[in-house]
Structures are given as structure tokens and as C-alpha cells.
Amino acid sequence: MEPRPDPRPDLRLDALQQRLGHRFADATLLQRALTHRSFGADHNERLEFLGDAVLAMAVSALLYGRFSASDEGDLTRVRAHLVREDSLHRAALVLGLPEVLRLSEGEARGGGAQRPSILADAVEALIGALFIDGGLPAATRLVSQLFGELITSTEADSWSKDAKTELQEWLQARRLAVPTYRILATRGQAHAQTFDVECAVPTLGLAEQGEGRSRRTAEQEAARRMLSRLKASDKPGGPLRN
């Protein structure tokens with residue numbers, strides 16, 4: 001007797017479509033959106049490219065309606081926070097994407113289903129697939145589902161400039177060279193790494209360290225510490241004023 005096919009993948013895809021609020025007319029689009037390039041040639045990178053653009057447009061529309069008194073700079077800054085890898089990674093976990101991603105055996109063994117970059121890319125690919133299968137309304141509904149409550153409950157002023165941008169602007173305003181960043185160490189397994197990064201301002205002979213679950217997060221923490229140190233030193237009586 002031939003073994004019966006495992007029904008669980010289909011059940012998981014059914015559950016995912018319920019969470020998405022959309023049943024795909026073209027099921028191959030959904031499969032492709034969940035397929036990492038390690039799995040095969042019909043992977044999700046083209047859908048990710050499309051989804052990135054649709055996501056930016058949908059978030060922009062939500063922000064335009066929510067923050068009527070904010071200027072372009074404020075809206076751009078808030079959008080950058082919403083569409084970055086960390087936010088998309090959290091959205092992927094809410095949607096349960098680790099359970100349905102299609103990865104090569106090697107990538108799966110290495111923890112690829114939990115890797116933030118892979119999950120973030122899959123969210124964008126899903127948005128792209130929704131756009132093709134259901135049009136802009138379907139894609140916009142998902143973006144609103146994932147980010148609408150956060151946008152509604154926050155104020156534009158609470159989304160300050162990220163630390164790296166603020167540090168660079170602080171230094172440039174004083175005609176000092178921009179900081180440099182380098183990885184000091186990487187610890188842990190591939191799917192749960194911790195990065196140690198140094199932020200240095202060579203012209204001032206200063207350096208600060210930060211750590212995080214991604215290189216970007218570690219750089220931001222190091223920049224935040226450097227900025228805090230520089231602002232304290234820039235006060236009357238501080239070493240930058242003497």
C-alpha cells in the first residue's frame with residue numbers, strides 16, 4: 001500500500017490564507033511567495049521586489065491619512081521604521097510564516113525558518129503575491145492589518161531619527177568626519193546570532209560598542225551610545241567645549 005500524502009502542509013496553507021484574509025485564486029503564487037531561493041528556481045525574489053514597492057505605497061497612504069499635519073520628512077522617517085527588517089520580521093511571526101516557508105534541507109537545518117532576513121523577505125513576497133492575485137485592495141488590506149493599529153496608536157514625534165542618522169548629522173553639523181563601524185565578533189548559531197559592533201569617531205579618538213541580534217541593530221546601539229557620550233561632552237565644561 002502506498003503511503004498516504006501528509007495533509008499538514010495544505011492545512012497550514014489554509015490557516016495562513018485565513019490569517020491573510022484572502023484565498024488565492026492562483027495557488028502557485030502563494031507557494032512561490034513562500035519559497036526561498038535555496039529550495040528551487042521558482043523562488044520568491046521577484047515577488048519580494050514587487051511587494052517592497054506595494055508595501056511602501058500602502059504604508060505611505062496610511063501615513064498620509066493618519067498624520068495630516070506632518071511634513072514629508074516626518075512621514076518618510078516613520079515609513080522607514082515601519083518597513084525595516086525588524087518590523088517585517090515581527091509581522092512574519094504574527095502570520096506564522098516559519099511554519100510554511102519552503103527551504104532547502106541545509107537552510108532548514110541551519111535555522112533559516114527563523115532568520116529575520118528570510119522572514120522579512122517572505123512578508124514582502126506575500127504582499128507582492130496578494131497584489132497580483134487580488135489587486136491593490138487585497139494587498140492594502142494586509143498591510144493595514146499588519147501595521148494599521150500601530151500607525152493609528154502612535155504619534156509622528158515618537159518616531160525619532162534613528163541613532164546612526166542622528167549621529168552622522170551631529171558630526172556633520174560640527175564639520176567632523178562621519179563615524180566608522182566594524183564587526184568585533186559574531187556569536188551563536190546562524191539562526192540566533194549576536195553581533196558585537198564598534199562605532200568609532202577617529203577624529204575625536206572615541207569608540208563605543210553595541211550588540212544586537214542583527215548587524216544593523218548592533219550598529220544602532222553603538223551609535224546611540226556614541227551620540228549620548230558626545231552630547232554629554234558637548235555641554236558647557238565638557239571636553240568638546242574646552
# chains A, B, ... in the order shown; residues from 1 in each chain; ligands from 1
$ residues_around --residues "segment 15-22 of chain A" --least-positions-apart "4" --cutoff "10 Å" --atoms "only C-alpha atoms" --output "VMD selection string"
chain A and resid 9 to 11 30 94 to 97 99 to 100 126 to 127 130 133 to 134 138 to 139 141 to 143 145 to 146
$ write_last_selection --atoms "N, CA and C atoms" --output "CSV table (one decimal), in the first residue's frame"
chain,number,residue,atom,x,y,z
A,9,PRO,N,0.8,20.2,5.3
A,9,PRO,CA,1.2,21.4,4.5
A,9,PRO,C,0.0,22.1,4.0
A,10,ASP,N,-1.0,21.4,3.4
A,10,ASP,CA,-2.2,22.1,2.9
A,10,ASP,C,-3.0,22.7,4.0
A,11,LEU,N,-3.1,22.1,5.2
A,11,LEU,CA,-3.8,22.6,6.3
A,11,LEU,C,-3.1,23.9,6.8
A,30,LEU,N,1.0,31.7,-4.1
A,30,LEU,CA,1.2,31.6,-2.7
A,30,LEU,C,2.4,30.7,-2.4
A,94,VAL,N,3.8,36.9,13.4
A,94,VAL,CA,2.3,37.0,13.6
A,94,VAL,C,1.6,36.2,12.6
A,95,LEU,N,2.1,36.2,11.4
A,95,LEU,CA,1.4,35.4,10.3
A,95,LEU,C,1.8,33.9,10.4
A,96,GLY,N,2.7,33.5,11.2
A,96,GLY,CA,3.1,32.1,11.3
A,96,GLY,C,3.9,31.6,10.1
A,97,LEU,N,4.7,32.5,9.5
A,97,LEU,CA,5.5,32.1,8.3
A,97,LEU,C,6.5,31.1,8.5
A,99,GLU,N,6.4,28.3,9.9
A,99,GLU,CA,5.8,27.0,9.7
A,99,GLU,C,5.5,26.6,8.2
A,100,VAL,N,5.5,27.6,7.3
A,100,VAL,CA,5.1,27.3,6.0
A,100,VAL,C,6.2,27.6,4.9
A,126,LEU,N,4.8,37.9,0.0
A,126,LEU,CA,3.4,37.7,0.1
A,126,LEU,C,2.6,38.9,-0.3
A,127,ILE,N,3.0,40.1,0.1
A,127,ILE,CA,2.3,41.3,-0.3
A,127,ILE,C,2.3,41.4,-1.9
A,130,LEU,N,-0.2,38.9,-3.2
A,130,LEU,CA,-1.5,39.4,-3.0
A,130,LEU,C,-1.9,40.4,-4.0
A,133,ASP,N,-2.7,38.6,-7.2
A,133,ASP,CA,-3.8,37.7,-7.2
A,133,ASP,C,-5.1,38.4,-6.9
A,134,GLY,N,-5.1,39.5,-6.0
A,134,GLY,CA,-6.3,40.1,-5.6
A,134,GLY,C,-6.3,41.6,-5.9
A,138,ALA,N,-6.5,44.0,-2.0
A,138,ALA,CA,-6.1,42.9,-1.2
A,138,ALA,C,-4.8,43.1,-0.5
A,139,ALA,N,-3.8,43.6,-1.2
A,139,ALA,CA,-2.5,43.9,-0.7
A,139,ALA,C,-2.6,45.0,0.4
A,141,ARG,N,-5.2,45.7,2.3
A,141,ARG,CA,-5.8,45.2,3.5
A,141,ARG,C,-4.8,44.5,4.4
A,142,LEU,N,-3.9,43.7,3.8
A,142,LEU,CA,-2.9,43.0,4.6
A,142,LEU,C,-2.0,44.0,5.3
A,143,VAL,N,-1.5,45.0,4.5
A,143,VAL,CA,-0.6,46.0,5.1
A,143,VAL,C,-1.3,46.7,6.3
A,145,GLN,N,-3.7,45.5,8.1
A,145,GLN,CA,-3.9,44.5,9.1
A,145,GLN,C,-2.6,44.4,9.9
A,146,LEU,N,-1.5,44.5,9.3
A,146,LEU,CA,-0.2,44.3,9.9
A,146,LEU,C,0.3,45.5,10.6
$ residues_around --residues "Ser153 of chain A" --least-positions-apart "5" --cutoff "12 Å" --atoms "only C-alpha atoms" --output "PyMOL selection string"
chain A and resi 63+66-67+147-148+158
$ write_last_selection --atoms "C-alpha atoms" --output "short mmCIF file (atom, residue, chain, number, x, y, z; two decimals), in the first residue's frame"
data_model
loop_
_atom_site.label_atom_id
_atom_site.label_comp_id
_atom_site.auth_asym_id
_atom_site.auth_seq_id
_atom_site.Cartn_x
_atom_site.Cartn_y
_atom_site.Cartn_z
CA LEU A 63 0.57 57.61 6.97
CA ARG A 66 -3.09 59.49 9.73
CA PHE A 67 -0.58 62.35 10.03
CA PHE A 147 0.61 47.95 10.56
CA GLY A 148 -2.67 49.85 10.84
CA SER A 158 7.59 59.42 18.80
#
$ atom_distance --atom1 "atom CA of Gly188 of chain A" --atom2 "atom CA of Ala92 of chain A"
22.2 Å
$ residues_around --residues "Gln209 of chain A" --least-positions-apart "2" --cutoff "6 Å" --atoms "only C-alpha atoms" --output "VMD selection string"
chain A and resid 197 to 198 222
$ select_by_dssp --residues "segment 29-219 of chain A" --states "strand (DSSP E)" --output "PDB file with N, CA and C atoms, in the first residue's frame"
ATOM      1  N   THR A 180      32.770  55.440  11.731  1.00  0.00           N
ATOM      2  CA  THR A 180      33.022  54.165  11.062  1.00  0.00           C
ATOM      3  C   THR A 180      32.479  53.047  11.944  1.00  0.00           C
ATOM      4  N   TYR A 181      32.087  51.952  11.301  1.00  0.00           N
ATOM      5  CA  TYR A 181      31.537  50.808  12.031  1.00  0.00           C
ATOM      6  C   TYR A 181      32.277  49.542  11.604  1.00  0.00           C
ATOM      7  N   ARG A 182      32.536  48.678  12.562  1.00  0.00           N
ATOM      8  CA  ARG A 182      33.143  47.384  12.229  1.00  0.00           C
ATOM      9  C   ARG A 182      32.648  46.320  13.200  1.00  0.00           C
ATOM     10  N   ILE A 183      32.525  45.112  12.670  1.00  0.00           N
ATOM     11  CA  ILE A 183      32.094  43.984  13.497  1.00  0.00           C
ATOM     12  C   ILE A 183      33.279  43.479  14.313  1.00  0.00           C
ATOM     13  N   LEU A 184      33.106  43.422  15.620  1.00  0.00           N
ATOM     14  CA  LEU A 184      34.159  42.914  16.503  1.00  0.00           C
ATOM     15  C   LEU A 184      34.054  41.408  16.685  1.00  0.00           C
ATOM     16  N   ALA A 185      32.833  40.898  16.746  1.00  0.00           N
ATOM     17  CA  ALA A 185      32.625  39.462  16.965  1.00  0.00           C
ATOM     18  C   ALA A 185      31.215  39.079  16.561  1.00  0.00           C
ATOM     19  N   THR A 186      31.058  37.814  16.229  1.00  0.00           N
ATOM     20  CA  THR A 186      29.748  37.240  15.941  1.00  0.00           C
ATOM     21  C   THR A 186      29.622  35.980  16.769  1.00  0.00           C
ATOM     22  N   ARG A 187      28.577  35.896  17.570  1.00  0.00           N
ATOM     23  CA  ARG A 187      28.410  34.768  18.489  1.00  0.00           C
ATOM     24  C   ARG A 187      27.091  34.051  18.236  1.00  0.00           C
ATOM     25  N   THR A 194      24.412  36.796  17.633  1.00  0.00           N
ATOM     26  CA  THR A 194      24.542  38.090  18.286  1.00  0.00           C
ATOM     27  C   THR A 194      25.787  38.771  17.719  1.00  0.00           C
ATOM     28  N   PHE A 195      25.637  40.022  17.317  1.00  0.00           N
ATOM     29  CA  PHE A 195      26.730  40.777  16.716  1.00  0.00           C
ATOM     30  C   PHE A 195      27.265  41.804  17.714  1.00  0.00           C
ATOM     31  N   ASP A 196      28.578  41.886  17.808  1.00  0.00           N
ATOM     32  CA  ASP A 196      29.251  42.936  18.569  1.00  0.00           C
ATOM     33  C   ASP A 196      29.881  43.892  17.573  1.00  0.00           C
ATOM     34  N   VAL A 197      29.502  45.160  17.643  1.00  0.00           N
ATOM     35  CA  VAL A 197      29.945  46.153  16.663  1.00  0.00           C
ATOM     36  C   VAL A 197      30.561  47.352  17.369  1.00  0.00           C
ATOM     37  N   GLU A 198      31.573  47.912  16.743  1.00  0.00           N
ATOM     38  CA  GLU A 198      32.212  49.125  17.271  1.00  0.00           C
ATOM     39  C   GLU A 198      31.867  50.310  16.385  1.00  0.00           C
ATOM     40  N   CYS A 199      31.490  51.409  17.014  1.00  0.00           N
ATOM     41  CA  CYS A 199      31.296  52.687  16.334  1.00  0.00           C
ATOM     42  C   CYS A 199      32.432  53.594  16.762  1.00  0.00           C
ATOM     43  N   ALA A 200      33.197  54.101  15.800  1.00  0.00           N
ATOM     44  CA  ALA A 200      34.361  54.927  16.122  1.00  0.00           C
ATOM     45  C   ALA A 200      34.266  56.280  15.430  1.00  0.00           C
ATOM     46  N   VAL A 201      34.743  57.308  16.134  1.00  0.00           N
ATOM     47  CA  VAL A 201      34.905  58.647  15.558  1.00  0.00           C
ATOM     48  C   VAL A 201      36.388  58.962  15.633  1.00  0.00           C
ATOM     49  N   LEU A 206      37.469  58.486  19.719  1.00  0.00           N
ATOM     50  CA  LEU A 206      36.441  57.874  20.556  1.00  0.00           C
ATOM     51  C   LEU A 206      35.879  56.618  19.887  1.00  0.00           C
ATOM     52  N   ALA A 207      35.474  55.665  20.713  1.00  0.00           N
ATOM     53  CA  ALA A 207      34.847  54.452  20.209  1.00  0.00           C
ATOM     54  C   ALA A 207      33.853  53.939  21.247  1.00  0.00           C
ATOM     55  N   GLU A 208      32.737  53.389  20.764  1.00  0.00           N
ATOM     56  CA  GLU A 208      31.733  52.775  21.618  1.00  0.00           C
ATOM     57  C   GLU A 208      31.297  51.458  20.986  1.00  0.00           C
ATOM     58  N   GLN A 209      30.839  50.539  21.821  1.00  0.00           N
ATOM     59  CA  GLN A 209      30.412  49.232  21.333  1.00  0.00           C
ATOM     60  C   GLN A 209      28.918  49.024  21.547  1.00  0.00           C
ATOM     61  N   GLY A 210      28.327  48.211  20.686  1.00  0.00           N
ATOM     62  CA  GLY A 210      26.927  47.836  20.822  1.00  0.00           C
ATOM     63  C   GLY A 210      26.746  46.405  20.381  1.00  0.00           C
ATOM     64  N   GLU A 211      25.685  45.768  20.842  1.00  0.00           N
ATOM     65  CA  GLU A 211      25.396  44.401  20.421  1.00  0.00           C
ATOM     66  C   GLU A 211      23.927  44.275  20.044  1.00  0.00           C
ATOM     67  N   GLY A 212      23.634  43.294  19.199  1.00  0.00           N
ATOM     68  CA  GLY A 212      22.259  43.091  18.772  1.00  0.00           C
ATOM     69  C   GLY A 212      22.126  41.802  18.004  1.00  0.00           C
TER      70      GLY A 212
END
$ closest_residue --among "A:Gly135, A:Val54, A:Met226, A:Leu204" --to "Phe24 of chain A" --atoms "only C-alpha atoms"
A:Gly135
$ select_by_dssp --residues "segment 3-205 of chain A" --states "helix (DSSP H, G or I)" --output "PyMOL selection string"
chain A and resi 8-20+27-33+45-66+72-82+85-95+97-99+105-109+112-114+116-153+156-158+163-173+190-192+202-204
$ atom_distance --atom1 "atom CA of Ser70 of chain A" --atom2 "atom CA of Ala120 of chain A"
27.7 Å
$ residues_around --residues "Asn44 of chain A" --least-positions-apart "5" --cutoff "6 Å" --atoms "only C-alpha atoms" --output "PDB file with C-alpha atoms, in the first residue's frame"
ATOM      1  CA  ARG A  32       6.158  30.888  -4.790  1.00  0.00           C
ATOM      2  CA  ALA A  33       5.907  33.658  -2.196  1.00  0.00           C
ATOM      3  CA  THR A  35       9.767  29.603  -1.451  1.00  0.00           C
ATOM      4  CA  ALA A 125       6.835  38.451  -1.329  1.00  0.00           C
TER       5      ALA A 125
END
$ atom_distance --atom1 "atom CA of Leu119 of chain A" --atom2 "atom CA of Arg102 of chain A"
11.2 Å
